[in-house]
$ cat entry.txt   # compact mmCIF, C-alpha atoms
# COMPACT_ATOMS: atom_id res chain seq x y z
CA MET A 219 -30.97 -3.39 -7.20
CA ARG A 220 -27.63 -3.39 -5.39
CA ASP A 221 -24.73 -1.11 -6.27
CA GLY A 222 -21.51 -2.67 -7.50
CA ILE A 223 -18.17 -1.02 -6.72
CA LEU A 224 -15.13 -2.17 -8.67
CA VAL A 225 -11.76 -1.67 -6.93
CA ILE A 226 -8.62 -1.69 -9.08
CA ASN A 227 -5.02 -1.88 -7.90
CA ALA A 228 -2.77 -1.83 -10.96
CA GLY A 229 0.94 -2.47 -11.35
CA SER A 230 3.36 -2.71 -14.25
CA SER A 231 2.52 -6.32 -15.10
CA SER A 232 -0.74 -6.99 -13.27
CA ILE A 233 -4.19 -5.59 -12.57
CA LYS A 234 -5.74 -6.75 -9.30
CA PHE A 235 -9.48 -6.23 -8.84
CA SER A 236 -12.16 -6.70 -6.22
CA LEU A 237 -15.92 -6.38 -6.71
CA TYR A 238 -18.02 -5.17 -3.78
CA LEU A 239 -21.81 -5.07 -3.56
CA SER A 240 -23.83 -2.94 -1.17
CA ASN A 241 -27.48 -2.68 -0.17
CA GLY A 242 -28.67 0.88 0.40
CA ASP A 243 -26.52 2.28 3.20
CA GLY A 244 -25.04 -1.11 4.12
CA LYS A 245 -21.37 -1.97 4.36
CA PRO A 246 -19.76 -3.03 1.05
CA SER A 247 -19.51 -6.80 0.83
CA LEU A 248 -16.83 -8.59 -1.20
CA GLN A 249 -18.42 -10.64 -3.97
CA SER A 250 -15.39 -11.58 -6.09
CA LYS A 251 -11.73 -10.79 -6.62
CA GLY A 252 -8.94 -11.66 -8.97
CA GLN A 253 -6.27 -10.37 -11.24
CA VAL A 254 -4.80 -10.23 -14.69
CA GLU A 255 -1.09 -11.01 -14.42
CA GLY A 256 1.69 -11.52 -16.93
CA ILE A 257 0.70 -8.44 -18.93
CA ASN A 258 3.05 -7.93 -21.92
CA VAL A 259 4.35 -11.48 -21.44
CA ALA A 260 1.72 -14.25 -21.32
CA PRO A 261 -1.48 -12.80 -19.80
CA HIS A 262 -3.44 -14.86 -17.29
CA PHE A 263 -6.87 -13.90 -15.95
CA ILE A 264 -8.37 -15.46 -12.83
CA ALA A 265 -11.49 -14.55 -10.86
CA GLN A 266 -12.40 -16.01 -7.48
CA ALA A 267 -15.36 -15.87 -5.13
CA ALA A 268 -14.93 -14.26 -1.71
CA ASP A 269 -14.16 -17.71 -0.27
CA GLY A 270 -11.39 -18.30 -2.82
CA ALA A 271 -13.30 -20.65 -5.14
CA VAL A 272 -12.23 -20.16 -8.77
CA LEU A 273 -15.03 -18.65 -10.86
CA ALA A 274 -13.22 -18.10 -14.16
CA GLU A 275 -9.75 -18.46 -15.60
CA GLN A 276 -8.17 -17.77 -18.97
CA HIS A 277 -4.67 -17.87 -20.42
CA TRP A 278 -3.40 -16.08 -23.52
CA PRO A 279 -0.24 -17.01 -25.46
CA ALA A 280 2.87 -14.86 -25.34
CA ASP A 281 2.28 -13.59 -28.89
CA SER A 282 -1.30 -12.43 -28.21
CA ASN A 283 -0.24 -8.74 -28.30
CA LEU A 284 -2.77 -7.81 -25.62
CA HIS A 285 -2.17 -4.62 -23.63
CA HIS A 286 -3.55 -3.09 -20.41
CA GLU A 287 -6.60 -1.65 -22.19
CA ASP A 288 -7.54 -4.96 -23.88
CA LEU A 289 -7.19 -6.93 -20.69
CA LEU A 290 -9.03 -4.33 -18.63
CA LYS A 291 -11.94 -4.62 -21.07
CA HIS A 292 -11.93 -8.40 -20.58
CA LEU A 293 -11.99 -7.86 -16.82
CA ILE A 294 -14.85 -5.33 -17.01
CA ASP A 295 -16.87 -7.58 -19.34
CA TRP A 296 -16.49 -10.48 -16.90
CA VAL A 297 -17.50 -8.31 -13.93
CA GLU A 298 -20.62 -6.98 -15.66
CA ASP A 299 -21.62 -10.47 -16.79
CA ASN A 300 -21.44 -11.64 -13.17
CA LEU A 301 -23.19 -8.82 -11.33
CA ASP A 302 -26.40 -10.85 -10.88
CA ASP A 303 -28.97 -8.44 -9.41
CA ALA A 304 -26.53 -5.54 -9.15
CA ARG A 305 -25.22 -2.81 -11.43
CA LEU A 306 -21.74 -1.35 -11.66
CA VAL A 307 -21.98 2.26 -10.43
CA ALA A 308 -18.36 3.32 -9.83
CA ALA A 309 -14.73 2.24 -9.82
CA GLY A 310 -12.17 3.06 -7.15
CA HIS A 311 -8.43 3.11 -7.79
CA ARG A 312 -5.44 2.95 -5.47
CA VAL A 313 -3.16 5.85 -6.38
CA VAL A 314 0.13 5.94 -4.50
CA HIS A 315 0.83 9.67 -4.59
CA GLY A 316 -1.67 12.50 -4.10
CA GLY A 317 0.92 15.16 -3.33
CA ALA A 318 0.04 18.05 -1.05
CA ARG A 319 -3.18 18.79 -2.90
CA TYR A 320 -5.19 15.61 -2.44
CA SER A 321 -5.87 14.75 1.20
CA GLN A 322 -9.20 13.04 0.44
CA PRO A 323 -10.49 10.62 -2.22
CA VAL A 324 -11.50 12.55 -5.34
CA LEU A 325 -13.74 12.05 -8.36
CA VAL A 326 -11.40 11.80 -11.35
CA ASP A 327 -11.59 14.14 -14.33
CA GLU A 328 -9.00 15.31 -16.84
CA LEU A 329 -7.79 18.07 -14.55
CA VAL A 330 -7.18 15.58 -11.72
CA LEU A 331 -5.40 13.17 -14.06
CA ASN A 332 -3.09 15.89 -15.32
CA GLY A 333 -2.23 16.78 -11.72
CA LEU A 334 -1.50 13.15 -10.85
CA GLU A 335 0.77 12.77 -13.85
CA LYS A 336 2.90 15.65 -12.57
CA LEU A 337 3.58 13.54 -9.46
CA ILE A 338 5.11 10.64 -11.43
CA PRO A 339 8.72 11.69 -10.53
CA LEU A 340 7.81 11.23 -6.84
CA ALA A 341 6.61 7.63 -7.33
CA PRO A 342 8.11 6.44 -10.63
CA LEU A 343 7.49 2.74 -10.00
CA HIS A 344 3.84 3.12 -9.04
CA GLN A 345 2.16 6.29 -10.26
CA PRO A 346 2.22 5.60 -14.04
CA HIS A 347 0.62 2.19 -13.50
CA ASN A 348 -2.00 3.66 -11.15
CA ILE A 349 -2.98 6.26 -13.76
CA ALA A 350 -2.97 3.99 -16.84
CA PRO A 351 -6.07 1.92 -15.89
CA ILE A 352 -8.03 5.09 -15.09
CA ARG A 353 -7.50 6.32 -18.63
CA ALA A 354 -8.10 2.85 -20.08
CA LEU A 355 -11.33 2.38 -18.12
CA ALA A 356 -12.59 5.76 -19.31
CA LYS A 357 -12.26 4.44 -22.87
CA VAL A 358 -13.88 1.03 -22.38
CA HIS A 359 -16.57 2.25 -19.96
CA PRO A 360 -17.17 5.98 -20.62
CA GLY A 361 -19.46 7.63 -18.10
CA LEU A 362 -18.54 5.32 -15.22
CA PRO A 363 -17.53 7.51 -12.25
CA GLN A 364 -13.96 6.79 -11.16
CA VAL A 365 -12.54 7.69 -7.75
CA ALA A 366 -8.84 8.04 -6.90
CA CYS A 367 -7.94 6.98 -3.35
CA PHE A 368 -4.49 8.04 -2.21
CA ASP A 369 -1.85 6.26 -0.14
CA THR A 370 -0.60 9.66 1.00
CA ALA A 371 -3.94 11.07 2.17
CA PHE A 372 -4.04 9.51 5.66
CA HIS A 373 -0.79 11.31 6.51
CA ALA A 374 -2.20 14.77 5.77
CA THR A 375 -2.67 15.14 9.55
CA ASN A 376 1.10 15.02 10.17
CA PRO A 377 2.34 18.24 11.81
CA LYS A 378 4.61 20.45 9.73
CA VAL A 379 7.64 19.58 11.85
CA ALA A 380 7.19 15.92 10.83
CA THR A 381 7.01 16.66 7.11
CA THR A 382 9.74 19.28 6.69
CA PHE A 383 13.26 18.60 5.40
CA ALA A 384 16.08 20.92 6.45
CA LEU A 385 16.29 22.40 2.95
CA PRO A 386 15.98 25.97 1.63
CA ARG A 387 12.39 27.15 1.95
CA GLU A 388 12.01 27.54 -1.81
CA LEU A 389 12.31 23.78 -2.25
CA THR A 390 9.90 23.10 0.61
CA ASP A 391 7.40 25.50 -0.97
CA GLU A 392 7.74 23.57 -4.25
CA GLY A 393 6.59 20.40 -2.48
CA VAL A 394 9.89 18.77 -1.49
CA ARG A 395 8.74 17.38 1.86
CA ARG A 396 7.74 14.15 3.57
CA TYR A 397 4.39 12.70 2.47
CA GLY A 398 4.20 9.14 3.83
CA PHE A 399 2.57 6.18 2.07
CA HIS A 400 0.60 2.97 2.77
CA GLY A 401 -2.09 5.32 4.11
CA LEU A 402 -5.02 3.20 2.94
CA SER A 403 -3.66 0.29 4.97
CA TYR A 404 -3.04 2.46 8.04
CA GLU A 405 -6.52 3.97 7.80
CA PHE A 406 -8.08 0.51 7.71
CA ILE A 407 -5.99 -0.68 10.68
CA ALA A 408 -6.84 2.43 12.73
CA ARG A 409 -10.56 1.75 12.22
CA ARG A 410 -10.25 -2.00 12.82
CA LEU A 411 -8.23 -1.50 16.02
CA GLY A 412 -11.02 0.81 17.18
CA GLU A 413 -13.36 -2.20 16.97
CA ILE A 414 -10.94 -4.66 18.61
CA ALA A 415 -9.43 -2.50 21.35
CA PRO A 416 -11.07 0.95 21.45
CA LYS A 417 -9.08 2.19 24.45
CA ILE A 418 -5.77 1.32 22.78
CA ALA A 419 -6.93 2.83 19.48
CA ALA A 420 -7.70 6.10 21.26
CA GLY A 421 -4.10 6.23 22.48
CA LYS A 422 -0.65 6.14 20.89
CA VAL A 423 -0.08 3.24 18.51
CA VAL A 424 2.71 2.25 16.12
CA VAL A 425 1.56 0.21 13.13
CA CYS A 426 4.15 -1.88 11.25
CA HIS A 427 3.08 -2.44 7.62
CA LEU A 428 5.62 -5.08 6.64
CA GLY A 429 5.55 -6.51 3.14
CA SER A 430 7.59 -6.25 -0.03
CA GLY A 431 7.03 -2.55 0.52
CA ALA A 432 7.47 -1.80 4.21
CA SER A 433 6.86 1.17 6.48
CA MET A 434 5.76 2.15 9.97
CA CYS A 435 3.36 4.81 11.17
CA ALA A 436 2.74 6.59 14.48
CA ILE A 437 -1.03 6.95 15.00
CA ASP A 438 -2.26 9.10 17.89
CA ASN A 439 -5.99 8.78 18.60
CA GLY A 440 -6.64 7.50 15.09
CA ARG A 441 -4.60 10.20 13.32
CA SER A 442 -1.26 9.78 11.59
CA VAL A 443 1.42 11.98 13.17
CA ALA A 444 4.63 10.51 11.71
CA SER A 445 5.73 7.89 9.18
CA THR A 446 8.96 6.22 8.10
CA LEU A 447 8.26 6.84 4.41
CA GLY A 448 8.94 10.34 3.15
CA PHE A 449 9.22 12.22 -0.14
CA THR A 450 9.17 8.98 -2.12
CA ALA A 451 8.37 5.33 -1.39
CA VAL A 452 12.06 4.40 -1.04
CA ASP A 453 12.66 5.91 2.42
CA GLY A 454 12.55 4.36 5.89
CA LEU A 455 12.80 0.60 6.36
CA PRO A 456 14.74 -1.72 4.04
CA MET A 457 12.18 -3.40 1.75
CA GLY A 458 12.09 -6.31 -0.68
CA THR A 459 14.23 -4.55 -3.29
CA ARG A 460 14.34 -0.93 -2.00
CA THR A 461 17.10 0.55 0.15
CA GLY A 462 15.04 2.37 2.73
CA ASN A 463 16.83 5.15 4.61
CA LEU A 464 20.10 6.10 2.92
CA ASP A 465 22.69 8.81 3.55
CA PRO A 466 22.27 11.23 0.58
CA GLY A 467 26.05 11.36 0.39
CA VAL A 468 25.91 7.82 -1.03
CA ILE A 469 24.05 9.20 -4.05
CA LEU A 470 26.78 11.80 -4.60
CA TYR A 471 29.41 9.06 -4.32
CA LEU A 472 27.63 6.95 -6.94
CA LEU A 473 27.42 9.94 -9.27
CA ASP A 474 30.97 11.20 -8.84
CA GLU A 475 33.04 8.10 -8.11
CA LYS A 476 31.08 5.36 -9.86
CA GLY A 477 29.96 7.45 -12.83
CA MET A 478 26.37 6.25 -12.54
CA ASN A 479 23.55 8.25 -14.10
CA SER A 480 20.18 8.98 -12.51
CA LYS A 481 18.42 6.04 -14.16
CA GLN A 482 21.09 3.60 -13.01
CA ILE A 483 20.85 4.94 -9.48
CA GLU A 484 17.05 4.77 -9.55
CA ASN A 485 17.27 1.12 -10.62
CA LEU A 486 19.78 0.42 -7.83
CA LEU A 487 17.67 2.09 -5.13
CA TYR A 488 14.33 0.61 -6.16
CA LYS A 489 15.07 -2.78 -7.72
CA GLN A 490 18.49 -4.11 -6.67
CA SER A 491 18.72 -3.25 -2.97
CA GLY A 492 16.81 -4.05 0.23
CA LEU A 493 16.51 -7.69 1.28
CA LEU A 494 17.59 -8.80 -2.20
CA GLY A 495 20.69 -6.61 -2.28
CA VAL A 496 21.90 -7.47 1.22
CA SER A 497 21.23 -11.20 0.97
CA GLY A 498 22.08 -11.81 -2.68
CA VAL A 499 19.52 -14.59 -2.32
CA SER A 500 15.96 -13.29 -2.56
CA ASN A 501 13.59 -10.41 -1.81
CA ASP A 502 11.13 -12.90 -0.26
CA MET A 503 11.25 -13.06 3.54
CA ARG A 504 10.03 -16.67 3.51
CA VAL A 505 12.98 -17.74 1.36
CA LEU A 506 15.45 -15.83 3.52
CA LEU A 507 14.19 -17.37 6.77
CA GLU A 508 14.60 -20.87 5.30
CA SER A 509 18.01 -20.19 3.74
CA SER A 510 21.29 -21.39 5.29
CA ASP A 511 23.21 -18.58 3.57
CA PRO A 512 24.65 -16.25 6.27
CA HIS A 513 23.91 -13.26 4.04
CA ALA A 514 20.23 -14.15 4.16
CA ALA A 515 20.38 -14.04 7.97
CA GLU A 516 22.12 -10.66 7.76
CA ALA A 517 19.30 -9.29 5.63
CA VAL A 518 16.68 -10.49 8.11
CA ASP A 519 18.66 -9.07 11.04
CA LEU A 520 18.99 -5.69 9.33
CA PHE A 521 15.27 -5.60 8.56
CA CYS A 522 14.32 -6.31 12.19
CA TYR A 523 16.97 -3.96 13.58
CA ARG A 524 15.60 -1.08 11.54
CA ILE A 525 12.06 -1.87 12.72
CA ARG A 526 13.18 -1.77 16.35
CA ARG A 527 14.97 1.55 15.82
CA GLU A 528 11.96 3.12 14.14
CA LEU A 529 9.67 1.78 16.85
CA GLY A 530 11.59 3.80 19.42
CA SER A 531 11.71 6.84 17.13
CA LEU A 532 7.96 6.83 16.45
CA ALA A 533 7.16 6.32 20.15
CA ALA A 534 9.33 9.37 20.86
CA ALA A 535 7.49 11.37 18.19
CA MET A 536 4.20 10.68 20.01
CA GLY A 537 5.61 11.06 23.52
CA GLY A 538 4.55 7.56 24.51
CA LEU A 539 3.31 4.18 23.34
CA ASP A 540 0.12 2.28 24.15
CA GLY A 541 0.10 -0.45 21.50
CA VAL A 542 1.79 -1.98 18.47
CA VAL A 543 0.18 -3.58 15.42
CA PHE A 544 1.77 -5.85 12.81
CA THR A 545 0.09 -6.02 9.41
CA ALA A 546 0.65 -6.82 5.69
CA GLY A 547 2.25 -9.99 4.33
CA ILE A 548 5.32 -10.28 6.58
CA GLY A 549 3.66 -8.60 9.55
CA GLU A 550 0.64 -10.92 9.45
CA ARG A 551 2.40 -14.21 8.72
CA SER A 552 6.05 -14.13 9.84
CA ALA A 553 6.27 -15.16 13.48
CA PRO A 554 10.11 -15.09 13.43
CA VAL A 555 10.21 -11.45 12.34
CA ARG A 556 7.65 -10.43 14.97
CA ARG A 557 9.64 -12.32 17.62
CA MET A 558 12.92 -10.62 16.70
CA VAL A 559 11.27 -7.22 16.81
CA CYS A 560 9.42 -7.77 20.10
CA ASP A 561 12.33 -9.48 21.88
CA GLY A 562 14.42 -6.40 21.19
CA ALA A 563 11.70 -4.06 22.43
CA GLY A 564 11.37 -5.37 25.97
CA TRP A 565 12.59 -2.00 27.26
CA LEU A 566 9.32 -0.51 25.96
CA GLY A 567 7.34 -2.95 28.11
CA ILE A 568 6.60 -5.55 25.41
CA SER A 569 6.43 -9.14 26.67
CA LEU A 570 5.79 -11.62 23.86
CA ASP A 571 3.63 -14.73 24.21
CA GLY A 572 5.60 -17.23 22.11
CA ALA A 573 2.72 -19.65 21.52
CA ALA A 574 0.29 -16.90 20.51
CA ASN A 575 2.91 -15.46 18.17
CA LEU A 576 3.48 -18.81 16.46
CA ALA A 577 -0.28 -19.18 16.03
CA ASN A 578 -0.56 -15.71 14.42
CA ALA A 579 -3.09 -14.86 17.11
CA GLN A 580 -4.79 -11.47 17.19
CA THR A 581 -2.96 -10.56 20.41
CA ILE A 582 0.58 -11.95 20.68
CA THR A 583 1.72 -10.52 24.03
CA GLN A 584 1.32 -11.92 27.51
CA ALA A 585 -1.59 -10.76 29.65
CA ASP A 586 0.72 -8.69 31.87
CA SER A 587 2.64 -7.09 28.99
CA GLY A 588 3.04 -3.35 29.50
CA ILE A 589 2.38 -2.79 25.78
CA PRO A 590 -0.08 -5.05 23.92
CA VAL A 591 0.91 -6.17 20.43
CA PHE A 592 -1.69 -7.11 17.82
CA VAL A 593 -1.66 -8.91 14.49
CA ILE A 594 -4.40 -7.46 12.28
CA PRO A 595 -4.86 -8.32 8.59
CA THR A 596 -5.12 -5.21 6.47
CA ASP A 597 -7.67 -4.65 3.70
CA GLU A 598 -6.81 -1.70 1.49
CA GLU A 599 -9.38 -2.78 -1.09
CA MET A 600 -12.21 -2.56 1.44
CA MET A 601 -11.01 0.93 2.38
CA ILE A 602 -11.05 1.96 -1.29
CA ALA A 603 -14.54 0.48 -1.73
CA LYS A 604 -15.85 2.49 1.23
CA HIS A 605 -14.29 5.72 -0.02
CA THR A 606 -15.58 5.14 -3.56
CA ARG A 607 -19.07 4.42 -2.32
CA ASN A 608 -19.09 7.60 -0.22
CA VAL A 609 -17.99 9.73 -3.18
CA PHE A 610 -20.63 8.09 -5.39
CA LYS A 611 -23.32 8.77 -2.77
CA GLN A 612 -22.36 12.46 -2.86
CA ILE A 613 -22.64 12.44 -6.67
CA ARG A 614 -26.05 10.75 -6.50
CA GLN A 615 -27.33 13.19 -3.86
CA ALA A 616 -26.12 16.18 -5.85
CA ALA A 617 -27.88 14.84 -8.97
CA GLN A 618 -31.12 14.46 -7.03

$ encode --input "entry.txt" --output "structure tokens"
Amino acid sequence: MRDGILVINAGSSSIKFSLYLSNGDGKPSLQSKGQVEGINVAPHFIAQAADGAVLAEQHWPADSNLHHEDLLKHLIDWVEDNLDDARLVAAGHRVVHGGARYSQPVLVDELVLNGLEKLIPLAPLHQPHNIAPIRALAKVHPGLPQVACFDTAFHATNPKVATTFALPRELTDEGVRRYGFHGLSYEFIARRLGEIAPKIAAGKVVVCHLGSGASMCAIDNGRSVASTLGFTAVDGLPMGTRTGNLDPGVILYLLDEKGMNSKQIENLLYKQSGLLGVSGVSNDMRVLLESSDPHAAEAVDLFCYRIRRELGSLAAAMGGLDGVVFTAGIGERSAPVRRMVCDGAGWLGISLDGAANLANAQTITQADSGIPVFVIPTDEEMMIAKHTRNVFKQIRQAAQ
């Protein structure tokens, strides 16, 4: 009988899931995926096979009064009814913030959950929704091992100089430092690049994770050494609705001169800024690239400018550059953004192949380019499935 690993990535209004099956020591294989969206509005459940074929779908009316726990139970019931010759042995969860304590995936218990809840102020938009399904799943499926996999963990290898703010030591000792995020994506890309171009992967690589949430990471011989994201997930690059890097004096100005309170500022930084705030049009890169509004073009230009600046900064942090990787929604599918970044990075030795870039090819630079540039789809869910399976194997071995 094969083992089934359920991967859950939960947000405020949706629960995404993937079901992986494995044979003995074999690699987890995606069997199905889907999501429950419209939670607290008009819930919609859809499940698809690995090839995208719809396996099940259900809608509930707006007055159904179904919450996360009810809908998670529906999801679990569907998964268990469609396991075929497998059994569900564990669930893995994406958790954005693991703080300084959790540098590896961990089996969840009440002590771990309490520790993760204390990190909510560091990731207010994500952490509560990452924790909620863990508690809900414990109720609807008691006894099922659950594993927390952290977006911060991959960056635990950053040197102290890369994580320290120039603040009084008491604050640093309390945990006010740079953590970095999107680590599950970067870990997957580091491993995948090792399969595609092992010599490049053993060198100094900058990975650009560009999506609604965006960041960049310097990876030296497979290890994270610096990242654009810091204490929270609002640092670094401009994002869909987040500011990215901001002079802290702006916060003081908003407090003193505009009379804004902390919640208003939080809403401004996380939900009203970024591509949406600059353009006044949309937080969706596809919409901005098609728009004739000059403010949309300004938003795109700012996004690409910041990527180019951080590319130079991260190369400097490593003392060199051997390769660049684009990944995530914008990175994988937006040829114009990749072109604007690479055209402005010719001084680094990057020579773009226009046709390959338009085709979203795996390698988008010319054969004689001093720095090769790759487009590699990320798969955070696969990374979570592998981590969860490894933790479950340790539990099984300890029981035996």

$ residues_around --input "entry.txt" --residues "Glu599 (chain A)" --least-positions-apart "4" --cutoff "9 Å" --atoms "all atoms listed in the file" --output "PyMOL selection string"
chain A and resi 225-227+235-236+310-312+402-403+603-604

$ closest_residue --input "entry.txt" --among "A:Ala356, A:Ala308, A:Val425, A:Cys435" --to "Ala535 (chain A)" --atoms "only C-alpha atoms"
A:Cys435

$ atom_distance --input "entry.txt" --atom1 "CA of Asn501 (chain A)" --atom2 "CA of Met558 (chain A)"
18.5 Å

$ closest_residue --input "entry.txt" --among "A:Gly467, A:Gly421, A:Pro339, A:Gly492" --to "Gly454 (chain A)" --atoms "only C-alpha atoms"
A:Gly492

$ residues_around --input "entry.txt" --residues "Lys417 (chain A)" --least-positions-apart "3" --cutoff "12 Å" --atoms "all atoms listed in the file" --output "MDAnalysis selection string"
chainID A and resid 408 411:414 420:423 438:440 540:541 590

$ residues_around --input "entry.txt" --residues "Gly462 (chain A)" --least-positions-apart "6" --cutoff "12 Å" --atoms "only C-alpha atoms" --output "number ranges by chain"
A: 430-434, 446-456, 486-493, 495, 520-521, 524-525, 528

$ closest_residue --input "entry.txt" --among "A:Leu239, A:Ala341, A:Val254, A:Ile602" --to "Trp296 (chain A)" --atoms "all atoms listed in the file"
A:Val254

$ residues_around --input "entry.txt" --residues "region 347-351 of chain A" --least-positions-apart "2" --cutoff "10 Å" --atoms "all atoms listed in the file" --output "VMD selection string"
chain A and resid 226 to 233 286 to 287 290 311 to 315 331 to 332 334 to 335 338 342 to 345 353 to 357 366

$ residues_around --input "entry.txt" --residues "region 323-325 of chain A" --least-positions-apart "5" --cutoff "7 Å" --atoms "all atoms listed in the file" --output "list in words"
Gln364, Val365, Ala366, Cys367, Phe368 and His605 of chain A

$ residues_near_point --input "entry.txt" --point "(0.4, -12.5, 21.0)" --cutoff "9 Å" --atoms "all atoms listed in the file" --output "VMD selection string"
chain A and resid 569 to 584 590 to 593

$ write_last_selection --input "entry.txt" --atoms "C-alpha atoms" --output "short mmCIF file (atom, residue, chain, number, x, y, z; two decimals), keeping the file's coordinate frame"
data_model
loop_
_atom_site.label_atom_id
_atom_site.label_comp_id
_atom_site.auth_asym_id
_atom_site.auth_seq_id
_atom_site.Cartn_x
_atom_site.Cartn_y
_atom_site.Cartn_z
CA SER A 569 6.43 -9.14 26.67
CA LEU A 570 5.79 -11.62 23.86
CA ASP A 571 3.63 -14.73 24.21
CA GLY A 572 5.60 -17.23 22.11
CA ALA A 573 2.72 -19.65 21.52
CA ALA A 574 0.29 -16.90 20.51
CA ASN A 575 2.91 -15.46 18.17
CA LEU A 576 3.48 -18.81 16.46
CA ALA A 577 -0.28 -19.18 16.03
CA ASN A 578 -0.56 -15.71 14.42
CA ALA A 579 -3.09 -14.86 17.11
CA GLN A 580 -4.79 -11.47 17.19
CA THR A 581 -2.96 -10.56 20.41
CA ILE A 582 0.58 -11.95 20.68
CA THR A 583 1.72 -10.52 24.03
CA GLN A 584 1.32 -11.92 27.51
CA PRO A 590 -0.08 -5.05 23.92
CA VAL A 591 0.91 -6.17 20.43
CA PHE A 592 -1.69 -7.11 17.82
CA VAL A 593 -1.66 -8.91 14.49
#

$ atom_distance --input "entry.txt" --atom1 "CA of Thr381 (chain A)" --atom2 "CA of Arg409 (chain A)"
23.6 Å
